[in-house]
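Source file: work-v7.json; contents: JSON, C-alpha atoms.
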```
[["chain", "number", "residue", "atom", "x", "y", "z"],
["A", 1, "MET", "CA", -3.68, 111.23, 155.48],
["A", 2, "LYS", "CA", -3.60, 112.29, 159.15],
["A", 3, "GLU", "CA", -3.61, 109.14, 161.22],
["A", 4, "LEU", "CA", -2.69, 107.86, 164.65],
["A", 5, "THR", "CA", -2.70, 104.06, 164.82],
["A", 6, "ALA", "CA", -2.23, 101.98, 167.97],
["A", 7, "TYR", "CA", -0.92, 98.42, 167.58],
["A", 8, "VAL", "CA", -1.87, 96.72, 170.86],
["A", 9, "LEU", "CA", 0.45, 94.02, 172.15],
["A", 10, "GLU", "CA", -1.00, 90.53, 172.28],
["A", 11, "GLY", "CA", -2.74, 89.73, 175.56],
["A", 12, "HIS", "CA", -3.21, 93.39, 176.52],
["A", 13, "GLU", "CA", -5.87, 96.02, 176.16],
["A", 14, "VAL", "CA", -5.54, 99.79, 175.94],
["A", 15, "ARG", "CA", -8.32, 102.20, 176.82],
["A", 16, "ILE", "CA", -8.06, 105.41, 174.81],
["A", 17, "ARG", "CA", -10.54, 108.28, 174.49],
["A", 18, "PRO", "CA", -10.55, 111.82, 173.08],
["A", 19, "ALA", "CA", -9.66, 114.25, 175.84],
["A", 20, "PRO", "CA", -12.93, 115.52, 177.37],
["A", 21, "LEU", "CA", -13.83, 119.11, 178.14],
["A", 22, "GLU", "CA", -14.82, 118.54, 181.77],
["A", 23, "ARG", "CA", -12.52, 118.68, 184.82],
["A", 24, "GLN", "CA", -13.71, 118.00, 188.36],
["A", 25, "TRP", "CA", -11.94, 121.04, 189.78],
["A", 26, "MET", "CA", -13.56, 123.22, 187.10],
["A", 27, "ASP", "CA", -16.99, 121.79, 187.98],
["A", 28, "ARG", "CA", -16.41, 122.86, 191.60],
["A", 29, "THR", "CA", -15.69, 126.50, 190.76],
["A", 30, "ASN", "CA", -18.41, 129.02, 191.53],
["A", 31, "GLN", "CA", -21.13, 128.60, 188.89],
["A", 32, "ARG", "CA", -18.55, 126.52, 186.96],
["A", 33, "PHE", "CA", -16.87, 129.83, 186.21],
["A", 34, "ALA", "CA", -13.63, 128.20, 185.00],
["A", 35, "TYR", "CA", -15.40, 127.03, 181.84],
["A", 36, "ARG", "CA", -15.76, 130.65, 180.71],
["A", 37, "TYR", "CA", -12.05, 130.80, 179.91],
["A", 38, "LEU", "CA", -11.88, 129.73, 176.27],
["A", 39, "PRO", "CA", -8.14, 128.86, 176.02],
["A", 40, "LEU", "CA", -8.55, 126.49, 178.99],
["A", 41, "ASN", "CA", -11.48, 124.73, 177.35],
["A", 42, "ILE", "CA", -9.64, 124.29, 174.06],
["A", 43, "ALA", "CA", -6.59, 122.86, 175.82],
["A", 44, "ASN", "CA", -8.74, 120.43, 177.80],
["A", 45, "THR", "CA", -10.01, 118.79, 174.61],
["A", 46, "HIS", "CA", -6.61, 118.60, 172.93],
["A", 47, "GLY", "CA", -5.37, 115.09, 172.19],
["A", 48, "TRP", "CA", -6.22, 111.57, 173.34],
["A", 49, "GLU", "CA", -6.11, 110.20, 176.88],
["A", 50, "ILE", "CA", -4.96, 106.73, 177.93],
["A", 51, "LEU", "CA", -6.87, 105.37, 180.94],
["A", 52, "CYS", "CA", -5.93, 103.25, 183.94],
["A", 53, "ASN", "CA", -7.00, 99.63, 183.58],
["A", 54, "THR", "CA", -7.73, 99.31, 187.31],
["A", 55, "ALA", "CA", -7.76, 101.33, 190.53],
["A", 56, "PHE", "CA", -4.60, 101.46, 192.65],
["A", 57, "SER", "CA", -2.65, 103.62, 195.07],
["A", 58, "ALA", "CA", 1.06, 104.36, 195.36],
["A", 59, "ILE", "CA", 3.33, 105.90, 197.99],
["A", 60, "TRP", "CA", 7.00, 106.95, 197.99],
["A", 61, "ASP", "CA", 9.10, 106.72, 201.18],
["A", 62, "GLY", "CA", 11.64, 109.35, 200.08],
["A", 63, "ARG", "CA", 14.47, 107.00, 199.09],
["A", 64, "TYR", "CA", 15.70, 106.59, 195.51],
["A", 65, "ALA", "CA", 15.77, 102.79, 195.31],
["A", 66, "LEU", "CA", 13.32, 100.76, 193.22],
["A", 67, "ASP", "CA", 11.49, 99.50, 196.32],
["A", 68, "ALA", "CA", 10.96, 103.05, 197.61],
["A", 69, "VAL", "CA", 7.69, 103.24, 195.65],
["A", 70, "ARG", "CA", 5.04, 100.82, 196.85],
["A", 71, "ILE", "CA", 1.87, 100.11, 194.87],
["A", 72, "LYS", "CA", -1.35, 98.61, 196.22],
["A", 73, "THR", "CA", -4.51, 97.46, 194.47],
["A", 74, "ARG", "CA", -7.59, 95.49, 195.51],
["A", 75, "SER", "CA", -8.20, 94.31, 191.96],
["A", 76, "ASP", "CA", -7.25, 90.93, 190.53],
["A", 77, "LYS", "CA", -5.96, 92.81, 187.51],
["A", 78, "PRO", "CA", -2.40, 94.17, 187.90],
["A", 79, "PRO", "CA", -2.14, 97.93, 187.32],
["A", 80, "LEU", "CA", -0.11, 99.36, 184.45],
["A", 81, "ALA", "CA", 2.01, 101.30, 186.97],
["A", 82, "VAL", "CA", 5.27, 99.97, 188.43],
["A", 83, "SER", "CA", 8.46, 101.25, 190.03],
["A", 84, "HIS", "CA", 10.85, 100.88, 187.11],
["A", 85, "PHE", "CA", 13.47, 103.63, 187.37],
["A", 86, "GLY", "CA", 13.65, 104.40, 191.08],
["A", 87, "GLU", "CA", 14.27, 108.07, 191.93],
["A", 88, "GLY", "CA", 10.70, 108.48, 193.19],
["A", 89, "VAL", "CA", 9.27, 107.87, 189.72],
["A", 90, "LEU", "CA", 6.03, 105.99, 189.07],
["A", 91, "THR", "CA", 6.10, 104.39, 185.62],
["A", 92, "PHE", "CA", 3.11, 103.38, 183.50],
["A", 93, "HIS", "CA", 3.71, 100.85, 180.76],
["A", 94, "VAL", "CA", 1.72, 101.59, 177.62],
["A", 95, "PRO", "CA", 1.26, 98.18, 175.95],
["A", 96, "CYS", "CA", 1.00, 99.30, 172.35],
["A", 97, "ILE", "CA", 3.04, 100.81, 169.56],
["A", 98, "PHE", "CA", 1.74, 104.06, 168.13],
["A", 99, "LYS", "CA", 2.38, 105.03, 164.52],
["A", 100, "THR", "CA", 1.94, 108.43, 162.90],
["A", 101, "GLU", "CA", 2.43, 109.57, 159.33],
["A", 102, "PRO", "CA", 5.97, 110.63, 158.30],
["A", 103, "GLY", "CA", 7.21, 113.81, 159.94],
["A", 104, "PHE", "CA", 4.89, 113.69, 162.95],
["A", 105, "ASP", "CA", 5.81, 112.96, 166.57],
["A", 106, "LEU", "CA", 3.70, 112.17, 169.61],
["A", 107, "TYR", "CA", 3.86, 114.77, 172.38],
["A", 108, "VAL", "CA", 3.26, 112.69, 175.50],
["A", 109, "THR", "CA", 2.39, 114.22, 178.87],
["A", 110, "GLY", "CA", -0.10, 113.93, 181.71],
["A", 111, "PRO", "CA", -3.79, 114.83, 181.49],
["A", 112, "ILE", "CA", -3.98, 118.52, 180.59],
["A", 113, "ASN", "CA", -5.21, 120.92, 183.30],
["A", 114, "ASN", "CA", -5.80, 118.02, 185.67],
["A", 115, "PRO", "CA", -3.28, 118.35, 188.54],
["A", 116, "LYS", "CA", -2.80, 115.64, 191.15],
["A", 117, "ASP", "CA", -1.63, 116.31, 194.70],
["A", 118, "GLY", "CA", 1.74, 114.82, 195.61],
["A", 119, "ILE", "CA", 2.79, 113.70, 192.15],
["A", 120, "THR", "CA", 3.29, 115.37, 188.77],
["A", 121, "PRO", "CA", 3.57, 113.99, 185.21],
["A", 122, "LEU", "CA", 6.74, 114.15, 183.13],
["A", 123, "THR", "CA", 6.67, 114.94, 179.41],
["A", 124, "GLY", "CA", 8.32, 113.25, 176.45],
["A", 125, "ILE", "CA", 8.28, 113.27, 172.66],
["A", 126, "VAL", "CA", 8.05, 109.97, 170.78],
["A", 127, "GLU", "CA", 9.12, 109.85, 167.13],
["A", 128, "ALA", "CA", 6.24, 107.56, 166.36],
["A", 129, "ASP", "CA", 6.60, 107.69, 162.57],
["A", 130, "TRP", "CA", 9.61, 105.35, 162.71],
["A", 131, "SER", "CA", 9.98, 103.97, 166.26],
["A", 132, "PRO", "CA", 9.10, 100.26, 166.55],
["A", 133, "TYR", "CA", 9.01, 100.41, 170.36],
["A", 134, "THR", "CA", 6.49, 101.00, 173.12],
["A", 135, "PHE", "CA", 7.03, 103.90, 175.52],
["A", 136, "THR", "CA", 6.41, 104.56, 179.19],
["A", 137, "MET", "CA", 4.49, 107.41, 180.82],
["A", 138, "ASN", "CA", 6.23, 108.59, 183.98],
["A", 139, "TRP", "CA", 5.10, 110.58, 187.01],
["A", 140, "ILE", "CA", 7.46, 111.83, 189.72],
["A", 141, "PHE", "CA", 6.45, 112.17, 193.37],
["A", 142, "THR", "CA", 6.76, 115.70, 194.72],
["A", 143, "ARG", "CA", 6.87, 114.69, 198.38],
["A", 144, "PRO", "CA", 7.34, 111.47, 200.36],
["A", 145, "ALA", "CA", 4.89, 109.69, 202.66],
["A", 146, "HIS", "CA", 1.87, 110.87, 200.69],
["A", 147, "ARG", "CA", -0.33, 108.19, 199.15],
["A", 148, "VAL", "CA", -1.72, 109.01, 195.71],
["A", 149, "HIS", "CA", -4.75, 107.29, 194.21],
["A", 150, "PHE", "CA", -5.61, 106.51, 190.60],
["A", 151, "ALA", "CA", -9.14, 105.32, 189.84],
["A", 152, "ALA", "CA", -10.13, 102.80, 187.19],
["A", 153, "ASP", "CA", -10.57, 104.62, 183.86],
["A", 154, "GLU", "CA", -8.77, 107.69, 185.21],
["A", 155, "PRO", "CA", -6.43, 109.16, 182.57],
["A", 156, "PHE", "CA", -2.71, 108.90, 183.26],
["A", 157, "CYS", "CA", -1.42, 110.02, 179.87],
["A", 158, "CYS", "CA", -2.39, 112.50, 177.16],
["A", 159, "GLU", "CA", -0.85, 112.43, 173.70],
["A", 160, "THR", "CA", -1.09, 114.74, 170.72],
["A", 161, "ARG", "CA", 0.37, 114.67, 167.22],
["A", 162, "ARG", "CA", 3.05, 117.27, 166.56],
["A", 163, "ALA", "CA", 4.81, 118.17, 163.33],
["A", 164, "ARG", "CA", 8.52, 117.55, 163.87],
["A", 165, "ASN", "CA", 10.79, 120.62, 163.95],
["A", 166, "ARG", "CA", 7.98, 122.88, 162.81],
["A", 167, "HIS", "CA", 8.42, 125.12, 165.83],
["A", 168, "ALA", "CA", 11.84, 123.96, 166.95],
["A", 169, "HIS", "CA", 13.54, 127.35, 166.64],
["A", 170, "PRO", "CA", 11.00, 130.16, 166.84],
["A", 171, "SER", "CA", 12.15, 133.75, 166.49],
["A", 172, "PRO", "CA", 10.22, 135.87, 168.99],
["A", 173, "ALA", "CA", 9.76, 139.52, 168.07],
["A", 174, "GLY", "CA", 8.83, 142.37, 170.39],
["A", 175, "ARG", "CA", 6.65, 145.30, 169.42],
["A", 176, "GLY", "CA", 6.47, 148.72, 171.02],
["A", 177, "SER", "CA", 3.41, 150.68, 172.04],
["A", 178, "GLY", "CA", 3.55, 152.48, 168.68],
["A", 179, "ASP", "CA", 2.35, 149.29, 167.01],
["A", 180, "ARG", "CA", -0.94, 149.28, 168.90],
["A", 181, "ALA", "CA", -2.67, 150.84, 165.92],
["A", 182, "ARG", "CA", -2.04, 147.59, 164.01],
["A", 183, "ILE", "CA", -3.99, 145.46, 166.50],
["A", 184, "PRO", "CA", -7.43, 145.90, 164.81],
["A", 185, "ALA", "CA", -5.92, 144.81, 161.50],
["A", 186, "LEU", "CA", -4.41, 141.72, 163.12],
["A", 187, "VAL", "CA", -7.46, 140.49, 165.00],
["A", 188, "GLY", "CA", -10.36, 141.96, 163.01],
["A", 189, "GLU", "CA", -12.38, 145.12, 162.77],
["A", 190, "PRO", "CA", -13.74, 146.54, 166.07],
["A", 191, "GLU", "CA", -17.34, 145.81, 165.15],
["A", 192, "GLN", "CA", -16.41, 142.15, 164.63],
["A", 193, "LEU", "CA", -14.98, 141.94, 168.14],
["A", 194, "GLN", "CA", -18.03, 143.13, 170.04],
["A", 195, "PRO", "CA", -19.45, 140.33, 172.24],
["A", 196, "GLY", "CA", -22.81, 139.02, 171.14],
["A", 197, "PRO", "CA", -25.51, 137.38, 173.28],
["A", 198, "CYS", "CA", -23.31, 134.36, 173.98],
["A", 199, "GLN", "CA", -19.80, 135.86, 173.59],
["A", 200, "SER", "CA", -18.95, 136.02, 169.91],
["A", 201, "GLY", "CA", -15.45, 134.63, 170.49],
["A", 202, "LEU", "CA", -16.92, 131.21, 171.16],
["A", 203, "LEU", "CA", -18.37, 131.11, 167.67],
["A", 204, "ARG", "CA", -14.87, 131.13, 166.21],
["A", 205, "CYS", "CA", -14.16, 127.63, 167.55],
["A", 206, "PRO", "CA", -14.28, 124.94, 164.89],
["A", 207, "GLY", "CA", -17.14, 122.50, 164.61],
["A", 208, "ALA", "CA", -18.42, 120.62, 167.61],
["A", 209, "MET", "CA", -16.20, 122.53, 170.01],
["A", 210, "ALA", "CA", -18.07, 125.75, 169.26],
["A", 211, "LYS", "CA", -21.39, 124.04, 169.92],
["A", 212, "ILE", "CA", -20.18, 122.61, 173.24],
["A", 213, "LEU", "CA", -18.81, 125.92, 174.48],
["A", 214, "LEU", "CA", -21.77, 127.87, 173.21],
["A", 215, "SER", "CA", -24.24, 125.62, 175.02],
["A", 216, "ARG", "CA", -22.23, 125.97, 178.22],
["A", 217, "ARG", "CA", -22.16, 129.71, 177.90],
["A", 218, "VAL", "CA", -25.93, 129.78, 177.48],
["A", 219, "SER", "CA", -26.34, 127.69, 180.63],
["A", 220, "PHE", "CA", -24.10, 130.11, 182.54],
["A", 221, "ARG", "CA", -26.21, 133.04, 181.44],
["A", 222, "ARG", "CA", -29.35, 131.29, 182.61],
["A", 223, "GLU", "CA", -27.88, 130.53, 186.06],
["A", 224, "ARG", "CA", -26.72, 134.11, 186.41],
["A", 225, "ALA", "CA", -30.14, 135.48, 185.53],
["A", 226, "GLY", "CA", -31.90, 133.07, 187.89],
["A", 227, "ARG", "CA", -33.74, 131.26, 185.10],
["A", 228, "PRO", "CA", -34.13, 127.44, 185.16]]
```
Could you quickly redo this structure as structure tokens?
Amino acid sequence: MKELTAYVLEGHEVRIRPAPLERQWMDRTNQRFAYRYLPLNIANTHGWEILCNTAFSAIWDGRYALDAVRIKTRSDKPPLAVSHFGEGVLTFHVPCIFKTEPGFDLYVTGPINNPKDGITPLTGIVEADWSPYTFTMNWIFTRPAHRVHFAADEPFCCETRRARNRHAHPSPAGRGSGDRARIPALVGEPEQLQPGPCQSGLLRCPGAMAKILLSRRVSFRRERAGRP
């Protein structure tokens, strides 16, 4: 059975949601054009996001001591973020233990396709099928004297299940131009690849994802044609 279970530590709460399709920067693109790129949309909805419990801001003064990162909040609730390692790193404590089925890890990183000015997320892999420990999500400042803001319910972490060692040592293979004749056999017959009224490629997405992308594509077509 494919499962991801979170055992929340006593006295804490964890806000987790499936990663959503929408991104604010994609909404701001001309006619929301960024949503027409299918691989981007699929990546956006990959995994689960952990959300900030309260709003706060943080700034790094450029030193590498623990007190070089200063955190401010107007909330009575302390944020999950602290300066724990120094080195210009902002650390989020995740107050729960995640468990997966045997042979599966958690790939832990920042929100996918959601960059933040002045700070960038670090990535780790948690062997959650056996580890009895919590983990931290870490971001590193990219420049000093720049205050970054995290809103309440803003995601600071994205995690996905990953089969251990399944792709640990891939063997890439190159193909010359003489192999181009094989492309139709690999991806389908030419008549199957012709775009339909709403871009046939979208229909190959599984389940609800296809419906979401298809409805967005229809809305794009309507905007483009000047219809309401």
Problem set entry | Local residues around (1.2, 110.1, 182.4), at most 9 Å away, using all atoms listed in the file, as a list in words | Ile50, Thr91, Phe92, Val108, Thr109, Gly110, Pro111, Thr120, Pro121, Leu122, Thr123, Thr136, Met137, Asn138, Trp139, Pro155, Phe156, Cys157 and Cys158 of chain A
Exercise. Expressed in Å to a single decimal, how great is the separation between CA of Cys52 in chain A and CA of Tyr133 in chain A?
Worked result: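 We find that CA of Cys52 in chain A and CA of Tyr133 in chain A lie 20.4 Å from each other.
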Exercise. How far is it from CA of Leu40 in chain A to CA of Thr160 in chain A, in Å with one decimal?
Worked result: 16.2 Å
For this session: List the neighbours of Leu9 in chain A out to 12 Å using all atoms listed in the file; skip same-chain residues closer than 6 positions along the sequence, and give me the result as JSON, numbers by chain.
Result: {"A": [93, 94, 95, 96, 97, 98, 133, 134]}
Next, the residues of the selection above should be written as a short mmCIF file (atom, residue, chain, number, x, y, z; two decimals), in the coordinates of the input with C-alpha atoms.
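New file part.cif:
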```
data_model
loop_
_atom_site.label_atom_id
_atom_site.label_comp_id
_atom_site.auth_asym_id
_atom_site.auth_seq_id
_atom_site.Cartn_x
_atom_site.Cartn_y
_atom_site.Cartn_z
CA HIS A 93 3.71 100.85 180.76
CA VAL A 94 1.72 101.59 177.62
CA PRO A 95 1.26 98.18 175.95
CA CYS A 96 1.00 99.30 172.35
CA ILE A 97 3.04 100.81 169.56
CA PHE A 98 1.74 104.06 168.13
CA TYR A 133 9.01 100.41 170.36
CA THR A 134 6.49 101.00 173.12
#
```
Exercise. A:Ser131, A:Thr142, A:Ser83, A:Asn113: which is nearest Tyr35 in chain A, counting all atoms listed in the file?
Worked result: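 The closest residue to Tyr35 in chain A is A:Asn113.
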Exercise. Any idea what the distance is between CA of Pro20 in chain A and CA of Thr45 in chain A?
Worked result: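 Rounded to one decimal, the two atoms are 5.2 Å apart.
Distances to Arg23 in chain A were evaluated for A:Thr73, A:Asn165, A:Asn114, A:Thr100 using all atoms listed in the file, and the minimum falls at A:Asn114.
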For this session: Write out as a PyMOL selection string each polymer residue whose atoms come within 6 Å of range 56-68 of chain A, counting all atoms listed in the file; drop sequence neighbours fewer than 3 positions from it.
Result: chain A and resi 71-73+83+86-88+144-150
Taking C-alpha atoms for each residue, export the selection above as a PDB file, in the frame of the given file.
```
ATOM      1  CA  ILE A  71       1.870 100.110 194.870  1.00  0.00           C
ATOM      2  CA  LYS A  72      -1.350  98.610 196.220  1.00  0.00           C
ATOM      3  CA  THR A  73      -4.510  97.460 194.470  1.00  0.00           C
ATOM      4  CA  SER A  83       8.460 101.250 190.030  1.00  0.00           C
ATOM      5  CA  GLY A  86      13.650 104.400 191.080  1.00  0.00           C
ATOM      6  CA  GLU A  87      14.270 108.070 191.930  1.00  0.00           C
ATOM      7  CA  GLY A  88      10.700 108.480 193.190  1.00  0.00           C
ATOM      8  CA  PRO A 144       7.340 111.470 200.360  1.00  0.00           C
ATOM      9  CA  ALA A 145       4.890 109.690 202.660  1.00  0.00           C
ATOM     10  CA  HIS A 146       1.870 110.870 200.690  1.00  0.00           C
ATOM     11  CA  ARG A 147      -0.330 108.190 199.150  1.00  0.00           C
ATOM     12  CA  VAL A 148      -1.720 109.010 195.710  1.00  0.00           C
ATOM     13  CA  HIS A 149      -4.750 107.290 194.210  1.00  0.00           C
ATOM     14  CA  PHE A 150      -5.610 106.510 190.600  1.00  0.00           C
TER      15      PHE A 150
END
```
For this session: List the residues sitting within 8 Å of (1.1, 108.0, 163.7) in the file's frame, using all atoms listed in the file, as a ChimeraX atom specification.
Result: /A:2-5,98-102,104-106,128-129,161
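Between Trp48 in chain A and the residues A:Gly124, A:Trp25, A:Pro18, A:Val8, the shortest atom-to-atom distance, using all atoms listed in the file, involves A:Pro18.
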Exercise. Pick the closest to Tyr37 in chain A from A:Leu21, A:Ile16, A:Ala6, A:Leu51: which is it, counting all atoms listed in the file?
Worked result: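 The closest residue to Tyr37 in chain A is A:Leu21.
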